[in-house]
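File shown: model_35.tsv. Contents: TSV, C-alpha atoms.
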```
chain	number	residue	atom	x	y	z
A	28	MET	CA	9.62	-23.54	-20.39
A	29	ALA	CA	9.99	-19.79	-20.64
A	30	SER	CA	6.34	-19.41	-21.60
A	31	LYS	CA	5.30	-21.26	-18.42
A	32	ASP	CA	7.41	-18.93	-16.34
A	33	TRP	CA	5.99	-15.94	-18.18
A	34	MET	CA	2.43	-17.10	-17.56
A	35	LYS	CA	3.17	-17.64	-13.88
A	36	TYR	CA	4.66	-14.15	-13.69
A	37	MET	CA	1.63	-12.60	-15.40
A	38	ILE	CA	-0.79	-14.37	-13.06
A	39	GLU	CA	1.14	-13.16	-10.02
A	40	LYS	CA	1.30	-9.65	-11.50
A	41	GLN	CA	-2.48	-9.61	-12.04
A	42	LYS	CA	-3.07	-10.76	-8.46
A	43	GLY	CA	-0.83	-7.97	-7.17
A	44	THR	CA	-2.54	-5.38	-9.34
A	45	ALA	CA	-5.99	-6.51	-8.18
A	46	SER	CA	-4.88	-6.41	-4.55
A	47	LYS	CA	-3.51	-2.88	-4.91
A	48	ALA	CA	-6.64	-1.74	-6.75
A	49	ALA	CA	-8.77	-3.06	-3.88
A	50	ALA	CA	-6.57	-1.27	-1.34
A	51	LEU	CA	-6.79	1.95	-3.35
A	52	ALA	CA	-10.60	1.71	-3.47
A	53	GLU	CA	-10.77	0.96	0.26
A	54	GLY	CA	-8.53	3.92	1.09
A	55	LEU	CA	-10.55	6.19	-1.20
A	56	GLU	CA	-13.77	5.27	0.55
A	57	GLU	CA	-12.28	5.60	4.04
A	58	GLY	CA	-10.66	8.96	3.26
A	59	TYR	CA	-13.83	10.29	1.71
A	60	ASN	CA	-15.97	9.18	4.67
A	61	ALA	CA	-13.47	10.63	7.14
A	62	ALA	CA	-13.59	14.00	5.38
A	63	ILE	CA	-17.38	14.07	5.13
A	64	GLN	CA	-17.78	13.12	8.80
A	65	SER	CA	-15.16	15.55	10.12
A	66	LYS	CA	-16.09	18.86	11.66
A	67	ASP	CA	-16.15	21.89	9.41
A	68	ASP	CA	-13.75	23.89	11.57
A	69	VAL	CA	-10.81	21.46	11.55
A	70	ASP	CA	-7.61	22.21	9.69
A	71	HIS	CA	-8.12	19.59	7.03
A	72	ASN	CA	-4.68	20.14	5.45
A	73	SER	CA	-2.92	19.46	8.76
A	74	ILE	CA	-4.96	16.32	9.32
A	75	LEU	CA	-4.15	15.11	5.80
A	76	GLU	CA	-0.42	15.67	6.30
A	77	GLU	CA	-0.44	13.98	9.72
A	78	ILE	CA	-2.32	10.91	8.45
A	79	LYS	CA	-0.10	10.65	5.37
A	80	SER	CA	3.06	11.02	7.44
A	81	ASN	CA	2.03	8.33	9.92
A	82	LYS	CA	0.88	5.90	7.24
A	83	TRP	CA	4.00	6.41	5.12
A	84	LYS	CA	6.12	5.70	8.19
A	85	GLU	CA	4.25	2.39	8.53
A	86	ALA	CA	4.77	1.55	4.85
A	87	ASN	CA	8.46	2.45	5.02
A	88	LYS	CA	8.89	0.29	8.11
A	89	ILE	CA	7.41	-2.66	6.21
A	90	MET	CA	9.74	-2.01	3.25
A	91	GLU	CA	12.72	-1.83	5.59
A	92	GLU	CA	11.72	-5.23	6.95
A	93	ALA	CA	11.61	-6.58	3.38
A	94	ARG	CA	15.06	-5.12	2.66
A	95	THR	CA	16.49	-6.65	5.82
A	96	ILE	CA	15.10	-10.08	5.03
A	97	SER	CA	16.13	-9.92	1.37
A	98	GLY	CA	19.67	-9.17	2.51
A	99	THR	CA	19.80	-12.67	3.97
A	100	ILE	CA	18.92	-14.51	0.75
A	101	LEU	CA	22.49	-15.22	-0.28
A	102	LYS	CA	23.37	-16.35	3.23
A	103	GLN	CA	21.01	-19.30	2.94
A	104	LYS	CA	22.71	-22.64	2.47
A	105	THR	CA	20.25	-24.32	0.11
A	106	LYS	CA	18.16	-23.32	-2.86
A	107	ASP	CA	14.99	-24.19	-0.93
A	108	GLU	CA	16.03	-21.90	1.92
A	109	ARG	CA	16.77	-19.09	-0.55
A	110	ASN	CA	13.42	-19.58	-2.25
A	111	GLU	CA	11.65	-19.48	1.12
A	112	VAL	CA	13.33	-16.19	2.02
A	113	MET	CA	12.56	-14.74	-1.43
A	114	LEU	CA	8.88	-15.67	-1.09
A	115	LYS	CA	8.72	-14.10	2.36
A	116	THR	CA	10.41	-10.94	1.07
A	117	ARG	CA	8.02	-10.77	-1.87
A	118	GLU	CA	4.96	-11.05	0.37
A	119	ILE	CA	6.24	-8.33	2.72
A	120	ALA	CA	6.97	-6.06	-0.25
A	121	ARG	CA	3.44	-6.70	-1.55
A	122	GLU	CA	2.07	-5.68	1.84
A	123	ALA	CA	3.99	-2.41	1.57
A	124	GLY	CA	2.60	-1.91	-1.95
A	125	ARG	CA	-0.94	-2.47	-0.72
A	126	LYS	CA	-0.36	0.03	2.10
A	127	ALA	CA	1.01	2.59	-0.37
A	128	ALA	CA	-2.06	2.11	-2.58
A	129	TRP	CA	-4.34	2.56	0.45
A	130	ILE	CA	-2.53	5.78	1.43
A	131	THR	CA	-2.90	7.15	-2.09
A	132	GLY	CA	-6.60	6.27	-2.11
A	133	TRP	CA	-7.16	7.76	1.33
A	134	GLU	CA	-5.55	11.03	0.28
A	135	GLN	CA	-7.65	11.21	-2.88
A	136	GLY	CA	-10.82	10.38	-0.94
A	137	TRP	CA	-10.01	12.94	1.76
A	138	LYS	CA	-9.47	15.68	-0.81
A	139	LYS	CA	-12.62	14.72	-2.73
A	140	GLY	CA	-14.70	14.69	0.47
A	141	TRP	CA	-13.40	18.07	1.56
A	142	ASN	CA	-13.96	19.60	-1.86
A	143	GLU	CA	-17.56	18.41	-1.82
A	144	LYS	CA	-18.01	19.57	1.75
A	145	LEU	CA	-16.61	23.04	1.05
A	146	ASN	CA	-18.58	23.46	-2.16
A	147	SER	CA	-21.86	22.40	-0.57
A	148	ASN	CA	-21.74	25.21	2.04
```

How does this structure look as structure tokens?
Amino acid sequence: MASKDWMKYMIEKQKGTASKAAALAEGLEEGYNAAIQSKDDVDHNSILEEIKSNKWKEANKIMEEARTISGTILKQKTKDERNEVMLKTREIAREAGRKAAWITGWEQGWKKGWNEKLNSN
């Protein structure tokens, strides 16, 4: 039985990793394109910090929602109700993970785009 549970865990883990990798790649591309398309005279460090700050606030809000919902797990009357709340919490936490991966990718893409832009002038 344990091996079945382990396999299920590994499959779910691989799905999560693939989802985060896709979000990272998407963020990288979007950050890079934003940097390349931005005007040369903008304060690119300020823009980076503002975007990161706003996006991290969004990710933290999602995680706070997951924490709030997870706090209700033990208040559920039946095992099925607890499982339902755990699944909902897990999906919300995954959403926050995907957003964090996107933010990381966007930052890397932004920096790469600006480095190329500055070095090409």

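Using all atoms listed in the file, the contacts of A:Glu56 at a cut-off of 10 Å, with sequence neighbours closer than 4 positions omitted, comprise A:Ala50, A:Leu51, A:Ala52, A:Asn60, A:Ala61, A:Ala62, A:Trp129, A:Gly132, A:Trp133, A:Gln135, A:Gly136, A:Trp137, A:Gly140.
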
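Of note, atom CA of A:Arg117 and atom CA of A:Ala93 are spaced 7.6 Å apart.
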
**Request:** Please provide as number ranges by chain all residues within 12 Å of stretch 75-92 of chain A, with the sequence filter that same-chain residues fewer than 6 positions apart are discarded (counting all atoms listed in the file).
**Result:** A: 54, 58-59, 61-62, 65, 69, 98-99, 115-138, 140-141

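Distances to A:Glu143 were evaluated for A:Met113, A:His71, A:Ile63, A:Lys104 using all atoms listed in the file, and the minimum falls at A:Ile63.
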
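Pairwise distance (atom CA of A:Asp107, atom CA of A:Lys40) equals 22.6 Å.
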
**Request:** Tell me, as a count of residues only, which residues lie within 12 Å of A:Leu101, counting all atoms listed in the file; anything in the same chain fewer than 5 positions away does not count.
**Result:** 9

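Here atom CA of A:Glu39 is placed at a distance of 24.5 Å from atom CA of A:Gln103.
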